[in-house]
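K.L.:
my_file.pdb is reproduced below (PDB, C-alpha atoms).
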ATOM      1  CA  MET T   1     126.254 158.662  99.955  1.00  0.00           C
ATOM      2  CA  LYS T   2     125.578 157.713  96.357  1.00  0.00           C
ATOM      3  CA  ASN T   3     127.645 154.885  94.899  1.00  0.00           C
ATOM      4  CA  GLU T   4     129.092 157.149  92.173  1.00  0.00           C
ATOM      5  CA  THR T   5     130.199 159.614  94.851  1.00  0.00           C
ATOM      6  CA  VAL T   6     132.007 156.915  96.832  1.00  0.00           C
ATOM      7  CA  ILE T   7     133.682 155.567  93.699  1.00  0.00           C
ATOM      8  CA  GLN T   8     134.705 159.061  92.576  1.00  0.00           C
ATOM      9  CA  LYS T   9     136.029 159.913  96.030  1.00  0.00           C
ATOM     10  CA  GLY T  10     138.105 156.714  95.974  1.00  0.00           C
ATOM     11  CA  ILE T  11     139.517 157.519  92.533  1.00  0.00           C
ATOM     12  CA  GLU T  12     140.426 161.057  93.610  1.00  0.00           C
ATOM     13  CA  SER T  13     142.136 159.757  96.747  1.00  0.00           C
ATOM     14  CA  ALA T  14     144.149 157.206  94.736  1.00  0.00           C
ATOM     15  CA  GLN T  15     145.146 159.851  92.165  1.00  0.00           C
ATOM     16  CA  LYS T  16     146.316 162.214  94.916  1.00  0.00           C
ATOM     17  CA  LEU T  17     148.384 159.474  96.520  1.00  0.00           C
ATOM     18  CA  SER T  18     149.896 158.504  93.177  1.00  0.00           C
ATOM     19  CA  MET T  19     150.882 162.112  92.416  1.00  0.00           C
ATOM     20  CA  ASN T  20     152.336 162.791  95.873  1.00  0.00           C
ATOM     21  CA  GLY T  21     154.098 159.465  96.216  1.00  0.00           C
ATOM     22  CA  ILE T  22     153.230 156.563  98.422  1.00  0.00           C
ATOM     23  CA  ARG T  23     155.223 156.146 101.614  1.00  0.00           C
ATOM     24  CA  PRO T  24     155.697 152.438 102.376  1.00  0.00           C
ATOM     25  CA  MET T  25     153.720 151.241 105.393  1.00  0.00           C
ATOM     26  CA  SER T  26     155.483 149.083 107.975  1.00  0.00           C
ATOM     27  CA  THR T  27     153.838 146.119 109.666  1.00  0.00           C
ATOM     28  CA  GLY T  28     153.840 148.039 112.945  1.00  0.00           C
ATOM     29  CA  GLU T  29     152.036 150.967 111.342  1.00  0.00           C
ATOM     30  CA  ALA T  30     149.524 148.596 109.719  1.00  0.00           C
ATOM     31  CA  LEU T  31     148.855 146.981 113.110  1.00  0.00           C
ATOM     32  CA  ARG T  32     148.326 150.386 114.785  1.00  0.00           C
ATOM     33  CA  LYS T  33     145.992 151.531 111.999  1.00  0.00           C
ATOM     34  CA  SER T  34     144.163 148.187 112.137  1.00  0.00           C
ATOM     35  CA  ALA T  35     143.535 148.685 115.850  1.00  0.00           C
ATOM     36  CA  GLY T  36     142.201 152.193 115.201  1.00  0.00           C
ATOM     37  CA  LEU T  37     139.885 151.002 112.436  1.00  0.00           C
ATOM     38  CA  LEU T  38     138.586 148.183 114.623  1.00  0.00           C
ATOM     39  CA  GLU T  39     137.972 150.608 117.505  1.00  0.00           C
ATOM     40  CA  ARG T  40     135.996 153.011 115.267  1.00  0.00           C
ATOM     41  CA  SER T  41     133.909 150.246 113.693  1.00  0.00           C
ATOM     42  CA  GLU T  42     130.564 149.136 115.035  1.00  0.00           C
ATOM     43  CA  ILE T  43     129.626 146.687 112.291  1.00  0.00           C
ATOM     44  CA  ALA T  44     131.649 143.928 110.680  1.00  0.00           C
ATOM     45  CA  MET T  45     131.058 141.638 107.767  1.00  0.00           C
ATOM     46  CA  VAL T  46     131.416 138.128 109.195  1.00  0.00           C
ATOM     47  CA  GLY T  47     132.058 135.160 106.932  1.00  0.00           C
ATOM     48  CA  SER T  48     131.247 131.541 107.654  1.00  0.00           C
ATOM     49  CA  ASN T  49     131.140 128.405 105.505  1.00  0.00           C
ATOM     50  CA  ASP T  50     127.945 126.516 104.751  1.00  0.00           C
ATOM     51  CA  GLN T  51     127.551 122.724 104.687  1.00  0.00           C
ATOM     52  CA  ASP T  52     128.763 122.643 101.055  1.00  0.00           C
ATOM     53  CA  GLY T  53     131.832 124.777 101.839  1.00  0.00           C
ATOM     54  CA  TYR T  54     130.502 127.962 100.226  1.00  0.00           C
ATOM     55  CA  PRO T  55     131.171 131.266 102.012  1.00  0.00           C
ATOM     56  CA  ASN T  56     128.274 133.125 103.633  1.00  0.00           C
ATOM     57  CA  ILE T  57     128.652 136.772 104.652  1.00  0.00           C
ATOM     58  CA  LYS T  58     126.552 138.624 107.216  1.00  0.00           C
ATOM     59  CA  ALA T  59     126.777 142.082 108.766  1.00  0.00           C
ATOM     60  CA  MET T  60     127.004 141.830 112.553  1.00  0.00           C
ATOM     61  CA  PHE T  61     127.359 144.269 115.438  1.00  0.00           C
ATOM     62  CA  LYS T  62     130.795 144.221 117.042  1.00  0.00           C
ATOM     63  CA  ILE T  63     130.028 143.927 120.755  1.00  0.00           C
ATOM     64  CA  GLU T  64     133.528 144.064 122.188  1.00  0.00           C
ATOM     65  CA  ALA T  65     137.140 143.656 121.143  1.00  0.00           C
ATOM     66  CA  GLU T  66     140.345 142.767 122.961  1.00  0.00           C
ATOM     67  CA  GLY T  67     142.919 144.267 120.626  1.00  0.00           C
ATOM     68  CA  ILE T  68     142.602 142.917 117.111  1.00  0.00           C
ATOM     69  CA  ASN T  69     143.033 139.321 118.257  1.00  0.00           C
ATOM     70  CA  ASN T  70     139.688 138.731 119.992  1.00  0.00           C
ATOM     71  CA  ILE T  71     136.366 140.131 118.821  1.00  0.00           C
ATOM     72  CA  TRP T  72     132.950 139.368 120.273  1.00  0.00           C
ATOM     73  CA  PHE T  73     129.580 139.230 118.516  1.00  0.00           C
ATOM     74  CA  SER T  74     126.165 137.959 119.616  1.00  0.00           C
ATOM     75  CA  THR T  75     123.413 136.182 117.762  1.00  0.00           C
ATOM     76  CA  ASN T  76     120.545 133.746 118.129  1.00  0.00           C
ATOM     77  CA  THR T  77     121.500 130.233 119.195  1.00  0.00           C
ATOM     78  CA  SER T  78     119.169 128.789 116.551  1.00  0.00           C
ATOM     79  CA  SER T  79     120.656 130.916 113.750  1.00  0.00           C
ATOM     80  CA  LYS T  80     122.190 129.520 110.584  1.00  0.00           C
ATOM     81  CA  ARG T  81     125.480 131.187 111.550  1.00  0.00           C
ATOM     82  CA  VAL T  82     125.719 129.300 114.864  1.00  0.00           C
ATOM     83  CA  SER T  83     125.064 126.007 113.112  1.00  0.00           C
ATOM     84  CA  GLN T  84     127.756 126.799 110.540  1.00  0.00           C
ATOM     85  CA  PHE T  85     130.355 127.787 113.156  1.00  0.00           C
ATOM     86  CA  ARG T  86     129.663 124.664 115.191  1.00  0.00           C
ATOM     87  CA  SER T  87     130.334 122.578 112.068  1.00  0.00           C
ATOM     88  CA  ASP T  88     133.266 124.654 110.785  1.00  0.00           C
ATOM     89  CA  PRO T  89     134.793 127.307 113.072  1.00  0.00           C
ATOM     90  CA  ARG T  90     136.887 128.894 110.295  1.00  0.00           C
ATOM     91  CA  ALA T  91     135.815 132.490 109.758  1.00  0.00           C
ATOM     92  CA  CYS T  92     136.781 135.858 108.400  1.00  0.00           C
ATOM     93  CA  VAL T  93     135.814 139.299 109.637  1.00  0.00           C
ATOM     94  CA  TYR T  94     136.049 142.486 107.567  1.00  0.00           C
ATOM     95  CA  PHE T  95     135.869 146.070 108.774  1.00  0.00           C
ATOM     96  CA  TYR T  96     135.715 148.991 106.344  1.00  0.00           C
ATOM     97  CA  ASP T  97     136.043 152.755 106.798  1.00  0.00           C
ATOM     98  CA  HIS T  98     134.635 154.450 103.693  1.00  0.00           C
ATOM     99  CA  GLU T  99     135.755 157.909 104.865  1.00  0.00           C
ATOM    100  CA  ARG T 100     139.423 156.876 105.024  1.00  0.00           C
ATOM    101  CA  PHE T 101     139.311 154.192 102.296  1.00  0.00           C
ATOM    102  CA  SER T 102     140.762 151.612 104.616  1.00  0.00           C
ATOM    103  CA  GLY T 103     139.838 148.025 105.329  1.00  0.00           C
ATOM    104  CA  LEU T 104     140.855 145.303 107.724  1.00  0.00           C
ATOM    105  CA  LEU T 105     140.481 141.607 106.946  1.00  0.00           C
ATOM    106  CA  LEU T 106     140.990 139.195 109.824  1.00  0.00           C
ATOM    107  CA  VAL T 107     141.021 135.406 109.414  1.00  0.00           C
ATOM    108  CA  GLY T 108     140.668 132.950 112.263  1.00  0.00           C
ATOM    109  CA  ASP T 109     138.167 130.841 114.161  1.00  0.00           C
ATOM    110  CA  ILE T 110     134.848 131.514 115.889  1.00  0.00           C
ATOM    111  CA  GLU T 111     133.707 129.707 119.006  1.00  0.00           C
ATOM    112  CA  VAL T 112     130.029 129.658 120.006  1.00  0.00           C
ATOM    113  CA  VAL T 113     129.899 130.663 123.695  1.00  0.00           C
ATOM    114  CA  THR T 114     126.910 129.920 125.929  1.00  0.00           C
ATOM    115  CA  ASP T 115     128.705 130.425 129.265  1.00  0.00           C
ATOM    116  CA  SER T 116     126.428 132.481 131.540  1.00  0.00           C
ATOM    117  CA  ALA T 117     129.230 134.671 132.974  1.00  0.00           C
ATOM    118  CA  CYS T 118     130.416 135.583 129.475  1.00  0.00           C
ATOM    119  CA  LYS T 119     126.872 136.248 128.271  1.00  0.00           C
ATOM    120  CA  GLN T 120     126.246 138.486 131.307  1.00  0.00           C
ATOM    121  CA  ARG T 121     129.430 140.478 130.625  1.00  0.00           C
ATOM    122  CA  LEU T 122     128.470 141.070 126.986  1.00  0.00           C
ATOM    123  CA  TRP T 123     124.756 141.772 127.573  1.00  0.00           C
ATOM    124  CA  ARG T 124     123.540 145.230 126.480  1.00  0.00           C
ATOM    125  CA  GLN T 125     120.580 147.269 127.652  1.00  0.00           C
ATOM    126  CA  GLY T 126     117.687 146.952 125.217  1.00  0.00           C
ATOM    127  CA  TRP T 127     118.522 143.518 123.895  1.00  0.00           C
ATOM    128  CA  GLU T 128     115.263 142.307 125.392  1.00  0.00           C
ATOM    129  CA  ALA T 129     113.851 143.264 121.994  1.00  0.00           C
ATOM    130  CA  TYR T 130     115.847 140.359 120.536  1.00  0.00           C
ATOM    131  CA  TYR T 131     115.847 138.092 123.597  1.00  0.00           C
ATOM    132  CA  PRO T 132     112.587 138.561 125.580  1.00  0.00           C
ATOM    133  CA  GLN T 133     113.800 136.399 128.480  1.00  0.00           C
ATOM    134  CA  GLY T 134     116.843 138.625 128.956  1.00  0.00           C
ATOM    135  CA  VAL T 135     120.385 137.432 129.486  1.00  0.00           C
ATOM    136  CA  THR T 136     119.217 133.912 130.365  1.00  0.00           C
ATOM    137  CA  ASP T 137     117.212 133.563 127.128  1.00  0.00           C
ATOM    138  CA  PRO T 138     118.307 130.267 125.515  1.00  0.00           C
ATOM    139  CA  GLU T 139     118.259 132.036 122.126  1.00  0.00           C
ATOM    140  CA  TYR T 140     121.070 134.397 123.227  1.00  0.00           C
ATOM    141  CA  CYS T 141     124.666 133.314 122.672  1.00  0.00           C
ATOM    142  CA  ALA T 142     128.008 134.953 122.005  1.00  0.00           C
ATOM    143  CA  LEU T 143     130.498 134.394 119.224  1.00  0.00           C
ATOM    144  CA  GLN T 144     134.170 134.768 120.096  1.00  0.00           C
ATOM    145  CA  PHE T 145     136.383 135.362 117.079  1.00  0.00           C
ATOM    146  CA  ALA T 146     140.097 134.630 117.537  1.00  0.00           C
ATOM    147  CA  ALA T 147     142.183 136.070 114.693  1.00  0.00           C
ATOM    148  CA  ARG T 148     145.182 134.162 113.302  1.00  0.00           C
ATOM    149  CA  TRP T 149     146.295 136.640 110.660  1.00  0.00           C
ATOM    150  CA  GLY T 150     145.141 139.817 108.974  1.00  0.00           C
ATOM    151  CA  ASN T 151     145.529 142.195 106.086  1.00  0.00           C
ATOM    152  CA  TYR T 152     145.215 145.977 106.337  1.00  0.00           C
ATOM    153  CA  TYR T 153     144.505 148.093 103.254  1.00  0.00           C
ATOM    154  CA  HIS T 154     145.026 151.847 103.077  1.00  0.00           C
ATOM    155  CA  GLY T 155     146.685 154.313 100.738  1.00  0.00           C
ATOM    156  CA  LEU T 156     146.927 151.863  97.824  1.00  0.00           C
ATOM    157  CA  GLN T 157     148.812 149.414 100.033  1.00  0.00           C
ATOM    158  CA  ASN T 158     148.077 145.992 101.497  1.00  0.00           C
ATOM    159  CA  VAL T 159     150.054 144.840 104.511  1.00  0.00           C
ATOM    160  CA  SER T 160     149.567 141.261 105.772  1.00  0.00           C
ATOM    161  CA  PHE T 161     150.548 140.179 109.275  1.00  0.00           C
ATOM    162  CA  ASP T 162     150.381 137.173 111.558  1.00  0.00           C
ATOM    163  CA  LEU T 163     148.797 137.429 114.999  1.00  0.00           C
TER     164      LEU T 163
END
Could you spell out this file's structure in structure tokens?

P.N.:
Amino acid sequence: MKNETVIQKGIESAQKLSMNGIRPMSTGEALRKSAGLLERSEIAMVGSNDQDGYPNIKAMFKIEAEGINNIWFSTNTSSKRVSQFRSDPRACVYFYDHERFSGLLLVGDIEVVTDSACKQRLWRQGWEAYYPQGVTDPEYCALQFAARWGNYYHGLQNVSFDL
């Protein structure tokens, strides 16, 4: 989809909402919609902090989620991201649905997990392309994100909530 098309579609959606009135969204509704957005999403933008405190953003595959509180990713043990999370576990995760013009920001902490049982549970067929030694490859680790709070955006509204 061309950028102008996405922008125009967003403007048209906002104009329609403005003309028809905006029904206030409750926290419960925002939490339900957040869960739906998270379930539909396969990729998240994950933010970490570098050694100078500057944010770094990276697109990552969402491997698994337990509600909106716990989200799992995987990456290389030697990656810059792992080093950053070991130094500073504070993180943010953002999911976006361009078809529905909705977004979910979650803020919390990421733990680097190298536990073999956890790695086995999260392992996916075909990952040998990334980790030639399979599930026991020392380059394979998991990232467990634990959300503290979030913000859901949809229909010209932002609803923040604690978790």

K.L.:
Between T:Gly21, T:Gly53, T:Gly10, T:Gly108, which one has atoms that come closest to T:Ile71, using only C-alpha atoms?

P.N.:
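Between T:Gly21, T:Gly53, T:Gly10, T:Gly108, the residue approaching T:Ile71 most closely is T:Gly108.
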
K.L.:
Just want the 6 Å neighbourhood of T:Ile110, counted on only C-alpha atoms, with same-chain residues fewer than 5 positions away dropped. Output as a list in words.

P.N.:
Pro89, Gln144 and Phe145 of chain T

K.L.:
How far is it from atom CA of T:Asp52 to atom CA of T:Leu143, in Å with one decimal?

P.N.:
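So the two atoms, atom CA of T:Asp52 and atom CA of T:Leu143, lie 21.7 Å apart.
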
K.L.:
To verify the selection step, state as a PyMOL selection string which residues the PyMOL selection byres ((chain T and resi 58) around 12) yields on this input.

P.N.:
chain T and resi 43-49+55-57+59-61+73+75+79-81+91-94

K.L.:
Using all atoms listed in the file, list the residues that have an atom at most 6 Å from (128.3, 142.8, 124.6), coordinates as in the file, as a list in words.

P.N.:
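Those within range, by chain then number, are Ile63, Glu64, Leu122, Trp123 and Arg124 of chain T.
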
K.L.:
Would you please work out which residue, of T:Ser78, T:Gln133, T:Gln120, T:Ser160, is nearest to T:Gly103 when using all atoms listed in the file?

P.N.:
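Ranked by minimum distance to T:Gly103, first place goes to T:Ser160.
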
K.L.:
One decimal, in Å: what's the spacing between atom CA of T:Tyr152 and atom CA of T:Gln8?

P.N.:
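Calculated distance between atom CA of T:Tyr152 and atom CA of T:Gln8 is 21.7 Å.
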
K.L.:
Name the residues, using the chain letters and numbers of the file, that sit within 12 Å of (136.3, 150.6, 117.9) when counting all atoms listed in the file, and give them as a list in words.

P.N.:
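Checking each residue against the 12 Å limit leaves Lys33, Ser34, Ala35, Gly36, Leu37, Leu38, Glu39, Arg40, Ser41, Glu42, Ile43, Ala44, Phe61, Lys62, Ile63, Glu64, Ala65, Glu66, Gly67, Ile68, Ile71, Trp72, Phe95, Tyr96 and Asp97 of chain T.
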
K.L.:
Selection in question (the file shown): the PyMOL selection byres ((chain T and resi 148) around 10). Which residues does it include, as a VMD selection string?

P.N.:
chain T and resid 68 to 70 92 106 to 109 145 to 147 149 to 150 161 to 163

K.L.:
Rounded to one decimal place, report the atom CA of T:Cys141-atom CA of T:Trp127 distance in Å.

P.N.:
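These atoms are spaced 12.0 Å apart.
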
K.L.:
Spell out the residues picked by the PyMOL selection byres ((chain T and resi 25) around 10) here, as a list in words.

P.N.:
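Here the PyMOL selection byres ((chain T and resi 25) around 10) matches Ile22, Arg23, Pro24, Ser26, Thr27, Gly28, Glu29, Ala30, Tyr153, His154, Gly155, Gln157, Asn158 and Val159 of chain T.
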
K.L.:
Give the answer as one residue: which of T:Gln51, T:Glu111, T:Arg100, T:Tyr140 has the shortest atom-to-atom distance to T:Thr77, using all atoms listed in the file?

P.N.:
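Looking only at the distances to T:Thr77, the closest residue turns out to be T:Tyr140.
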
K.L.:
Which one of T:Glu4, T:Asp50, T:Asp137, T:Glu12 sits closest to T:Val82 if you count all atoms listed in the file?

P.N.:
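Nearest candidate to T:Val82 out of T:Glu4, T:Asp50, T:Asp137, T:Glu12: T:Asp50.
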
K.L.:
For T:Ser13, which residue among T:Pro132, T:Gln84, T:Gly126, T:Ser102 is the nearest when counting all atoms listed in the file?

P.N.:
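Checking each of T:Pro132, T:Gln84, T:Gly126, T:Ser102 against T:Ser13, counting all atoms listed in the file, the winner is T:Ser102.
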
K.L.:
Find the residue from T:Asn151, T:Ser74, T:Leu156, T:Ser87 that sits nearest to T:Tyr131; use all atoms listed in the file when measuring.

P.N.:
T:Ser74
